[in-house]
Amino acid sequence: MVGQLVEGPVAVQLPRRARRNYTPYLLLVPGLAWLVVFFIVPMLSLASQSLQTGSVESGYTQTWNFQTYVDALSQFWPHFARSIVFAGTATVFTLLLAYPLAYFMAQKAGRWKNILLVLVIAPFFTSFLIRTLAWQTILTDNGPVVALARSLHFTNLLQSLSLTSNDSLMNSRFAVICGLTYNFLPFMILPLYANLERLDHSLIEAAGDLYATPIQTFWKVTWPLSLPGVVGGTLLTFIPAAGDFINSRLLGNTQTVMIGQVIDSEFLQIQDYAVAAALSFMLMAVIVVIVALYVRRAGTEELV
Amino acid sequence: MTEKTSGDLKLKGVTKRYDTFTAVDDLDLVIPRGSFFALLGPSGCGKTTTLRMVAGLDQPTIGQIWIGDQDITDTRAYQRNVNTVFQSYALFPHLSILDNVTFGLRRRKVSDYKAQAMEALELVQLAHIAKKKPGQLSGGMQQRVALARAIVNRPDVLLLDEPLGALDLKLRRQMQIELKQIQSEVGLTFVHVTHDQEEAMTMADTIAVMNSGRLEQVADPATLYERPTSTFVANFLGQSNLLKATVKGRTGTTAELDVHGVNLRLPVDRLKETTKELWLGVRPEKLRLVGSTDGDGADHSADDHAQQNRLTGVVVDASFTGLATNYMVRLPWGQELMVVQQNDGTRSAARGAEVSLGWAPEHGFALNASQDAHAGAQDQADDSGAI
């Protein structure tokens, strides 16, 4: 289409047309090649690996052994369930923290908008690992956070919710969920911000003009219009959080092991490649199913 | 302290200041219940700010806003029985047309909201698209939905913020007539904000002309046009020729004026008793080409009589527009007058011709000589160019 606009005399049209037809495909080649080499091929190799039997020492043979999946699931289903609960809880917390912040940044911050955006992105300048390790220091037993939590009886509350097992905060479900929430917060803020920034302020005014209280305005106008941002943010948070293995390892205990951590150790420590590959595949399947159900439920395709 | 029965909208000393800028300055205005009222002025004159303060979307810095005997100054937008048709329509994109129209009714827990909404949609002839989403409608249809969504609530005051600005000229003309019909049908108070003087004159019973946050003049369209009280109004509504004049004397109902040595007349009631200096204004279409200075018998017998004002000049430009011909006539002292002559078979003149201009004294109006003769002229040109 662009070509038609800039095209000159008929005489030069032929060579140009030939080039115009191939250029888009040529531009697709690097991306497609990347996906084939680093996504499709490893996926197939992983699928094949999960259906092989053998060991690292004696080598693997393709035996189409589906029993691996059954065994892996019966042994590790609690880790699956835990991963989904942890990731889901962390997603809810990121949403609760990110929504007001993104709303403020997008609608109220004015000239502070860009500074706030930089502050949201700033943690990415440090490694994921360092940031997670920092939580060990924050939640350490003789630190001020724990002291404050104890004096406010917050530790008791967490214990009664079985988020912690004693009156400290580290190495607990609570710590893992904190770490996940913290690490994935920017992935929730940014899509929400992008969405809420486009929210036409006159719609908010129109709702108020039509007798909606501020709370009604939020639930009837702002929230439904921000659903695409909410869905985007929750997916970007939930999917990586469900497969995360750093937070549970650095901040949790033996009772908080998530499926990512299991896959990690099956591959690298136990070196049972078949089980590790089967777990990876099942994690992917579980996430795809959850996401598909969720997106259908949220019904965002109806939104303009 | 106010008339209990009336649901008039009253603004009392309303001022809106932003940091250093005063958007609306000490505005006093009474808008009678059931009237079609226009707030007219160039961009940035404070008309939209005034509207937003009535809607409750902005708070006045000083002053009060009353509807009938109720002071609504400190109430929030959702507590006011006032609805707005926004310039951008602001239809909720995620709701169907019907849900858009029922929005206000449902917030107020009206029981038969659906029936009322359908009735309002029928009024704007859009009942058949009740199930569609706003994104599927044309601009003109969205505009009507916005109107239905506001009207359905039967507000004390309906505010229209340049509602026709986004429509093309033909649709705009059509909607002007429709809006006026709808207003007389539902009998609500309409306050219409516009920078389009023709639109305001076509639709409104009463027009308030605003400039730089202040009211210039409030009157019905004919009075505004025929008897402007400031050079801004004279130039912003249509075009005006303004001549620097001095009062020489008053005889009975007529004042004798001196304009660069020429003797002209004006009904004495157009002047204050103390006036010595003034701008004598006359609209271009009130001027008649009455032939060259030597005159000819036909013209003289047709429309010349002793009371006619006369000026002579040379045609420096003539442009034919179909309905009329627009002339620029240069007077002996260099000033150029605009003359609009209907193409009704009467006299025409070529460029360079020496002509005589005549007009009846009662078509003249007097303006304060201390005012800028060009006030408002530039604003109008800017705004019409922006459409």
# chains A, B, ... in the order shown; residues from 1 in each chain; ligands from 1

$ interface_residues --of "chain B" --to "chain A" --cutoff "8 Å" --atoms "only C-alpha atoms" --output "mmCIF file with C-alpha atoms, in the first residue's frame"
data_model
loop_
_atom_site.group_PDB
_atom_site.id
_atom_site.type_symbol
_atom_site.label_atom_id
_atom_site.label_comp_id
_atom_site.auth_asym_id
_atom_site.auth_seq_id
_atom_site.Cartn_x
_atom_site.Cartn_y
_atom_site.Cartn_z
ATOM 1 C CA ALA B 55 -21.834 20.738 35.315
ATOM 2 C CA GLY B 56 -19.777 20.414 38.500
ATOM 3 C CA LEU B 57 -16.646 19.274 36.681
ATOM 4 C CA ALA B 77 -21.193 16.538 39.457
ATOM 5 C CA TYR B 78 -23.063 13.326 40.256
ATOM 6 C CA GLN B 79 -25.237 15.136 42.791
ATOM 7 C CA ARG B 80 -26.418 17.764 40.311
ATOM 8 C CA VAL B 82 -27.509 18.667 35.236
ATOM 9 C CA ASN B 83 -26.395 16.637 32.244
ATOM 10 C CA THR B 84 -23.812 17.325 29.603
ATOM 11 C CA PHE B 86 -19.640 16.359 25.684
ATOM 12 C CA SER B 88 -16.163 14.254 22.218
ATOM 13 C CA ALA B 90 -17.770 10.502 25.678
ATOM 14 C CA LEU B 91 -19.956 7.472 25.003
ATOM 15 C CA PHE B 92 -18.908 4.423 27.021
ATOM 16 C CA PRO B 93 -17.258 2.211 24.388
ATOM 17 C CA HIS B 94 -17.796 -1.025 26.337
ATOM 18 C CA PHE B 103 -26.652 4.623 32.554
ATOM 19 C CA GLY B 104 -27.957 7.747 34.287
ATOM 20 C CA ARG B 107 -27.636 5.147 38.811
ATOM 21 C CA ARG B 108 -30.717 6.970 40.061
ATOM 22 C CA GLY B 135 -17.743 2.213 17.887
ATOM 23 C CA ALA B 150 -28.426 13.296 28.544
#

$ residues_around --residues "Lys16 of chain B" --least-positions-apart "6" --cutoff "10 Å" --atoms "only C-alpha atoms" --output "count of residues only"
17

$ closest_atom_pairs --of "segment 142-183 of chain A" --to "segment 88-97 of chain A" --cutoff "10 Å" --atoms "only C-alpha atoms" --output "CSV"
residue,atom,partner,partner_atom,distance
A:Val176,CA,A:Ala90,CA,9.0
A:Ile177,CA,A:Ala90,CA,5.6
A:Cys178,CA,A:Ala90,CA,7.3
A:Gly179,CA,A:Ala90,CA,8.6
A:Leu180,CA,A:Ala90,CA,5.9
A:Thr181,CA,A:Ala90,CA,4.8
A:Tyr182,CA,A:Thr94,CA,7.6
A:Asn183,CA,A:Thr94,CA,9.4

$ atom_distance --atom1 "atom CA of Gln341 of chain B" --atom2 "atom CA of Phe320 of chain B"
9.6 Å

$ residues_around --residues "Leu357 of chain B" --least-positions-apart "5" --cutoff "7 Å" --atoms "only C-alpha atoms" --output "short mmCIF file (atom, residue, chain, number, x, y, z; two decimals) with N, CA and C atoms, in the first residue's frame"
data_model
loop_
_atom_site.label_atom_id
_atom_site.label_comp_id
_atom_site.auth_asym_id
_atom_site.auth_seq_id
_atom_site.Cartn_x
_atom_site.Cartn_y
_atom_site.Cartn_z
N LEU B 287 -25.56 48.74 3.56
CA LEU B 287 -25.08 49.76 2.63
C LEU B 287 -25.60 49.46 1.23
N ARG B 288 -26.00 50.53 0.52
CA ARG B 288 -26.49 50.37 -0.85
C ARG B 288 -25.59 51.14 -1.79
N LEU B 289 -25.25 50.53 -2.92
CA LEU B 289 -24.57 51.28 -3.97
C LEU B 289 -25.65 52.10 -4.65
N VAL B 290 -25.51 53.40 -4.54
CA VAL B 290 -26.56 54.23 -5.14
C VAL B 290 -26.04 55.02 -6.32
N ARG B 310 -25.13 59.37 3.25
CA ARG B 310 -24.39 59.19 2.00
C ARG B 310 -22.89 59.31 2.22
N LEU B 311 -22.15 58.40 1.57
CA LEU B 311 -20.69 58.51 1.53
C LEU B 311 -20.27 58.20 0.10
N THR B 312 -19.19 58.78 -0.32
CA THR B 312 -18.71 58.45 -1.66
C THR B 312 -17.34 57.81 -1.57
#

$ residues_around --residues "segment 249-266 of chain A" --least-positions-apart "2" --cutoff "6 Å" --atoms "only C-alpha atoms" --output "MDAnalysis selection string"
chainID A and resid 79:80 83 171:172 175:176 243:247 268:272 276

$ write_last_selection --atoms "C-alpha atoms" --output "CSV table (one decimal), in the first residue's frame"
chain,number,residue,atom,x,y,z
A,79,HIS,CA,4.4,-29.0,43.6
A,80,PHE,CA,2.2,-28.2,40.6
A,83,SER,CA,3.1,-23.3,42.1
A,171,ASN,CA,12.1,-19.3,54.6
A,172,SER,CA,8.3,-19.4,54.5
A,175,ALA,CA,8.6,-14.9,51.9
A,176,VAL,CA,8.2,-16.8,48.6
A,243,GLY,CA,7.5,-21.5,36.5
A,244,ASP,CA,9.8,-19.6,38.8
A,245,PHE,CA,12.4,-21.5,40.8
A,246,ILE,CA,14.6,-18.7,42.2
A,247,ASN,CA,12.2,-17.2,44.8
A,268,LEU,CA,20.8,-30.6,36.8
A,269,GLN,CA,21.1,-32.6,40.1
A,270,ILE,CA,19.2,-35.9,39.7
A,271,GLN,CA,19.7,-35.8,36.0
A,272,ASP,CA,16.5,-37.7,35.3
A,276,ALA,CA,12.3,-33.3,33.9

$ residues_around --residues "segment 201-205 of chain B" --least-positions-apart "4" --cutoff "7 Å" --atoms "only C-alpha atoms" --output "list of chain:residue names"
B:Ser35, B:Phe36, B:Phe37, B:Ala38, B:Gln176, B:Lys180, B:Gln197, B:Asp220, B:Pro221

$ atom_distance --atom1 "atom CA of Leu98 of chain B" --atom2 "atom CA of Leu121 of chain B"
8.2 Å

$ closest_residue --among "B:Thr206, B:Thr231, B:Gln239, B:Thr275" --to "Phe190 of chain B" --atoms "only C-alpha atoms"
B:Thr206

$ residues_around --residues "segment 245-252 of chain B" --least-positions-apart "6" --cutoff "9 Å" --atoms "only C-alpha atoms" --output "list in words"
Asp258, Val259, His260, Asn263, Leu264, Val268, Thr275, Lys276, Glu277, Leu278, Trp279, Leu280 and Ala369 of chain B

$ select_by_dssp --residues "segment 141-364 of chain B" --states "strand (DSSP E or B)" --output "PyMOL selection string"
chain B and resi 157-161+189-194+206-211+214-219+241-251+254-259+262-267+277-282+288-289+309-320+324-330+336-342+354-359

$ closest_residue --among "B:Gly165, B:Gly139, B:Gly358, B:Gly364" --to "Asp269 of chain B" --atoms "only C-alpha atoms"
B:Gly364

$ decode --residues "segment 131-181 of chain B" --atoms "N, CA and C atoms" --output "mmCIF file, in the first residue's frame"
data_model
loop_
_atom_site.group_PDB
_atom_site.id
_atom_site.type_symbol
_atom_site.label_atom_id
_atom_site.label_comp_id
_atom_site.auth_asym_id
_atom_site.auth_seq_id
_atom_site.Cartn_x
_atom_site.Cartn_y
_atom_site.Cartn_z
ATOM 1 N N LYS B 131 -28.887 -1.978 20.256
ATOM 2 C CA LYS B 131 -28.015 -3.070 20.702
ATOM 3 C C LYS B 131 -26.577 -2.903 20.235
ATOM 4 N N LYS B 132 -26.339 -1.922 19.358
ATOM 5 C CA LYS B 132 -24.974 -1.761 18.842
ATOM 6 C C LYS B 132 -24.061 -1.093 19.870
ATOM 7 N N LYS B 133 -22.771 -1.142 19.565
ATOM 8 C CA LYS B 133 -21.784 -0.456 20.399
ATOM 9 C C LYS B 133 -21.447 0.889 19.751
ATOM 10 N N PRO B 134 -21.035 1.873 20.557
ATOM 11 C CA PRO B 134 -20.743 3.197 20.000
ATOM 12 C C PRO B 134 -19.744 3.161 18.842
ATOM 13 N N GLY B 135 -18.759 2.277 18.931
ATOM 14 C CA GLY B 135 -17.743 2.213 17.887
ATOM 15 C C GLY B 135 -18.297 1.866 16.514
ATOM 16 N N GLN B 136 -19.516 1.306 16.482
ATOM 17 C CA GLN B 136 -20.090 0.908 15.201
ATOM 18 C C GLN B 136 -20.901 2.024 14.551
ATOM 19 N N LEU B 137 -21.001 3.178 15.239
ATOM 20 C CA LEU B 137 -21.854 4.254 14.737
ATOM 21 C C LEU B 137 -21.035 5.371 14.095
ATOM 22 N N SER B 138 -21.687 6.119 13.207
ATOM 23 C CA SER B 138 -21.050 7.297 12.617
ATOM 24 C C SER B 138 -21.042 8.431 13.635
ATOM 25 N N GLY B 139 -20.269 9.453 13.339
ATOM 26 C CA GLY B 139 -20.162 10.603 14.248
ATOM 27 C C GLY B 139 -21.516 11.233 14.541
ATOM 28 N N GLY B 140 -22.319 11.395 13.490
ATOM 29 C CA GLY B 140 -23.623 12.018 13.674
ATOM 30 C C GLY B 140 -24.527 11.182 14.576
ATOM 31 N N MET B 141 -24.472 9.862 14.409
ATOM 32 C CA MET B 141 -25.285 8.977 15.251
ATOM 33 C C MET B 141 -24.800 9.016 16.690
ATOM 34 N N GLN B 142 -23.470 8.997 16.880
ATOM 35 C CA GLN B 142 -22.922 9.056 18.240
ATOM 36 C C GLN B 142 -23.380 10.334 18.934
ATOM 37 N N GLN B 143 -23.400 11.409 18.155
ATOM 38 C CA GLN B 143 -23.812 12.692 18.702
ATOM 39 C C GLN B 143 -25.247 12.612 19.216
ATOM 40 N N ARG B 144 -26.109 11.948 18.448
ATOM 41 C CA ARG B 144 -27.502 11.819 18.878
ATOM 42 C C ARG B 144 -27.641 10.914 20.081
ATOM 43 N N VAL B 145 -26.821 9.866 20.134
ATOM 44 C CA VAL B 145 -26.868 8.990 21.303
ATOM 45 C C VAL B 145 -26.473 9.791 22.545
ATOM 46 N N ALA B 146 -25.427 10.611 22.396
ATOM 47 C CA ALA B 146 -24.983 11.438 23.523
ATOM 48 C C ALA B 146 -26.119 12.354 23.974
ATOM 49 N N LEU B 147 -26.863 12.869 23.013
ATOM 50 C CA LEU B 147 -27.991 13.742 23.333
ATOM 51 C C LEU B 147 -29.084 12.944 24.056
ATOM 52 N N ALA B 148 -29.402 11.766 23.521
ATOM 53 C CA ALA B 148 -30.439 10.928 24.146
ATOM 54 C C ALA B 148 -30.023 10.549 25.567
ATOM 55 N N ARG B 149 -28.734 10.224 25.742
ATOM 56 C CA ARG B 149 -28.233 9.805 27.046
ATOM 57 C C ARG B 149 -28.386 10.919 28.080
ATOM 58 N N ALA B 150 -28.286 12.175 27.618
ATOM 59 C CA ALA B 150 -28.426 13.296 28.544
ATOM 60 C C ALA B 150 -29.897 13.653 28.751
ATOM 61 N N ILE B 151 -30.656 13.715 27.661
ATOM 62 C CA ILE B 151 -32.060 14.141 27.735
ATOM 63 C C ILE B 151 -32.902 13.188 28.570
ATOM 64 N N VAL B 152 -32.599 11.900 28.484
ATOM 65 C CA VAL B 152 -33.429 10.881 29.125
ATOM 66 C C VAL B 152 -33.551 11.116 30.634
ATOM 67 N N ASN B 153 -32.571 11.800 31.207
ATOM 68 C CA ASN B 153 -32.595 12.052 32.654
ATOM 69 C C ASN B 153 -33.449 13.261 33.040
ATOM 70 N N ARG B 154 -34.004 13.938 32.050
ATOM 71 C CA ARG B 154 -34.804 15.142 32.303
ATOM 72 C C ARG B 154 -34.085 16.090 33.269
ATOM 73 N N PRO B 155 -32.899 16.531 32.917
ATOM 74 C CA PRO B 155 -32.155 17.383 33.849
ATOM 75 C C PRO B 155 -32.777 18.777 33.934
ATOM 76 N N ASP B 156 -32.468 19.478 35.019
ATOM 77 C CA ASP B 156 -32.903 20.873 35.137
ATOM 78 C C ASP B 156 -32.249 21.706 34.048
ATOM 79 N N VAL B 157 -30.989 21.368 33.776
ATOM 80 C CA VAL B 157 -30.249 22.100 32.747
ATOM 81 C C VAL B 157 -29.488 21.080 31.904
ATOM 82 N N LEU B 158 -29.584 21.211 30.607
ATOM 83 C CA LEU B 158 -28.809 20.363 29.705
ATOM 84 C C LEU B 158 -27.695 21.212 29.092
ATOM 85 N N LEU B 159 -26.465 20.754 29.273
ATOM 86 C CA LEU B 159 -25.316 21.513 28.781
ATOM 87 C C LEU B 159 -24.801 20.867 27.506
ATOM 88 N N LEU B 160 -24.552 21.668 26.504
ATOM 89 C CA LEU B 160 -24.018 21.140 25.247
ATOM 90 C C LEU B 160 -22.695 21.843 24.965
ATOM 91 N N ASP B 161 -21.615 21.066 24.981
ATOM 92 C CA ASP B 161 -20.282 21.632 24.804
ATOM 93 C C ASP B 161 -19.851 21.453 23.356
ATOM 94 N N GLU B 162 -20.049 22.465 22.538
ATOM 95 C CA GLU B 162 -19.726 22.395 21.112
ATOM 96 C C GLU B 162 -20.136 21.041 20.535
ATOM 97 N N PRO B 163 -21.393 20.678 20.684
ATOM 98 C CA PRO B 163 -21.755 19.299 20.341
ATOM 99 C C PRO B 163 -21.677 19.022 18.849
ATOM 100 N N LEU B 164 -21.689 20.070 18.037
ATOM 101 C CA LEU B 164 -21.723 19.838 16.594
ATOM 102 C C LEU B 164 -20.365 20.067 15.962
ATOM 103 N N GLY B 165 -19.372 20.376 16.793
ATOM 104 C CA GLY B 165 -18.057 20.757 16.274
ATOM 105 C C GLY B 165 -17.406 19.709 15.411
ATOM 106 N N ALA B 166 -17.661 18.425 15.711
ATOM 107 C CA ALA B 166 -16.957 17.367 14.986
ATOM 108 C C ALA B 166 -17.710 16.910 13.743
ATOM 109 N N LEU B 167 -18.873 17.506 13.493
ATOM 110 C CA LEU B 167 -19.662 17.050 12.343
ATOM 111 C C LEU B 167 -19.354 17.898 11.108
ATOM 112 N N ASP B 168 -19.584 17.313 9.931
ATOM 113 C CA ASP B 168 -19.345 18.113 8.730
ATOM 114 C C ASP B 168 -20.493 19.113 8.558
ATOM 115 N N LEU B 169 -20.259 20.068 7.676
ATOM 116 C CA LEU B 169 -21.140 21.236 7.578
ATOM 117 C C LEU B 169 -22.605 20.850 7.350
ATOM 118 N N LYS B 170 -22.833 19.900 6.437
ATOM 119 C CA LYS B 170 -24.209 19.551 6.069
ATOM 120 C C LYS B 170 -24.935 18.927 7.258
ATOM 121 N N LEU B 171 -24.237 17.988 7.917
ATOM 122 C CA LEU B 171 -24.812 17.309 9.072
ATOM 123 C C LEU B 171 -25.039 18.305 10.206
ATOM 124 N N ARG B 172 -24.121 19.261 10.307
ATOM 125 C CA ARG B 172 -24.215 20.251 11.367
ATOM 126 C C ARG B 172 -25.491 21.088 11.200
ATOM 127 N N ARG B 173 -25.748 21.521 9.964
ATOM 128 C CA ARG B 173 -26.961 22.290 9.676
ATOM 129 C C ARG B 173 -28.195 21.499 10.070
ATOM 130 N N GLN B 174 -28.196 20.223 9.681
ATOM 131 C CA GLN B 174 -29.338 19.355 9.957
ATOM 132 C C GLN B 174 -29.532 19.184 11.462
ATOM 133 N N MET B 175 -28.406 18.963 12.179
ATOM 134 C CA MET B 175 -28.505 18.746 13.625
ATOM 135 C C MET B 175 -28.929 20.018 14.342
ATOM 136 N N GLN B 176 -28.539 21.187 13.805
ATOM 137 C CA GLN B 176 -28.956 22.450 14.421
ATOM 138 C C GLN B 176 -30.476 22.516 14.469
ATOM 139 N N ILE B 177 -31.095 22.181 13.356
ATOM 140 C CA ILE B 177 -32.554 22.236 13.287
ATOM 141 C C ILE B 177 -33.162 21.169 14.200
ATOM 142 N N GLU B 178 -32.581 19.960 14.160
ATOM 143 C CA GLU B 178 -33.110 18.878 14.994
ATOM 144 C C GLU B 178 -33.002 19.200 16.473
ATOM 145 N N LEU B 179 -31.844 19.718 16.855
ATOM 146 C CA LEU B 179 -31.631 20.057 18.265
ATOM 147 C C LEU B 179 -32.673 21.056 18.744
ATOM 148 N N LYS B 180 -32.925 22.042 17.886
ATOM 149 C CA LYS B 180 -33.880 23.075 18.245
ATOM 150 C C LYS B 180 -35.279 22.478 18.399
ATOM 151 N N GLN B 181 -35.632 21.579 17.477
ATOM 152 C CA GLN B 181 -36.938 20.919 17.568
ATOM 153 C C GLN B 181 -37.045 20.095 18.842
#
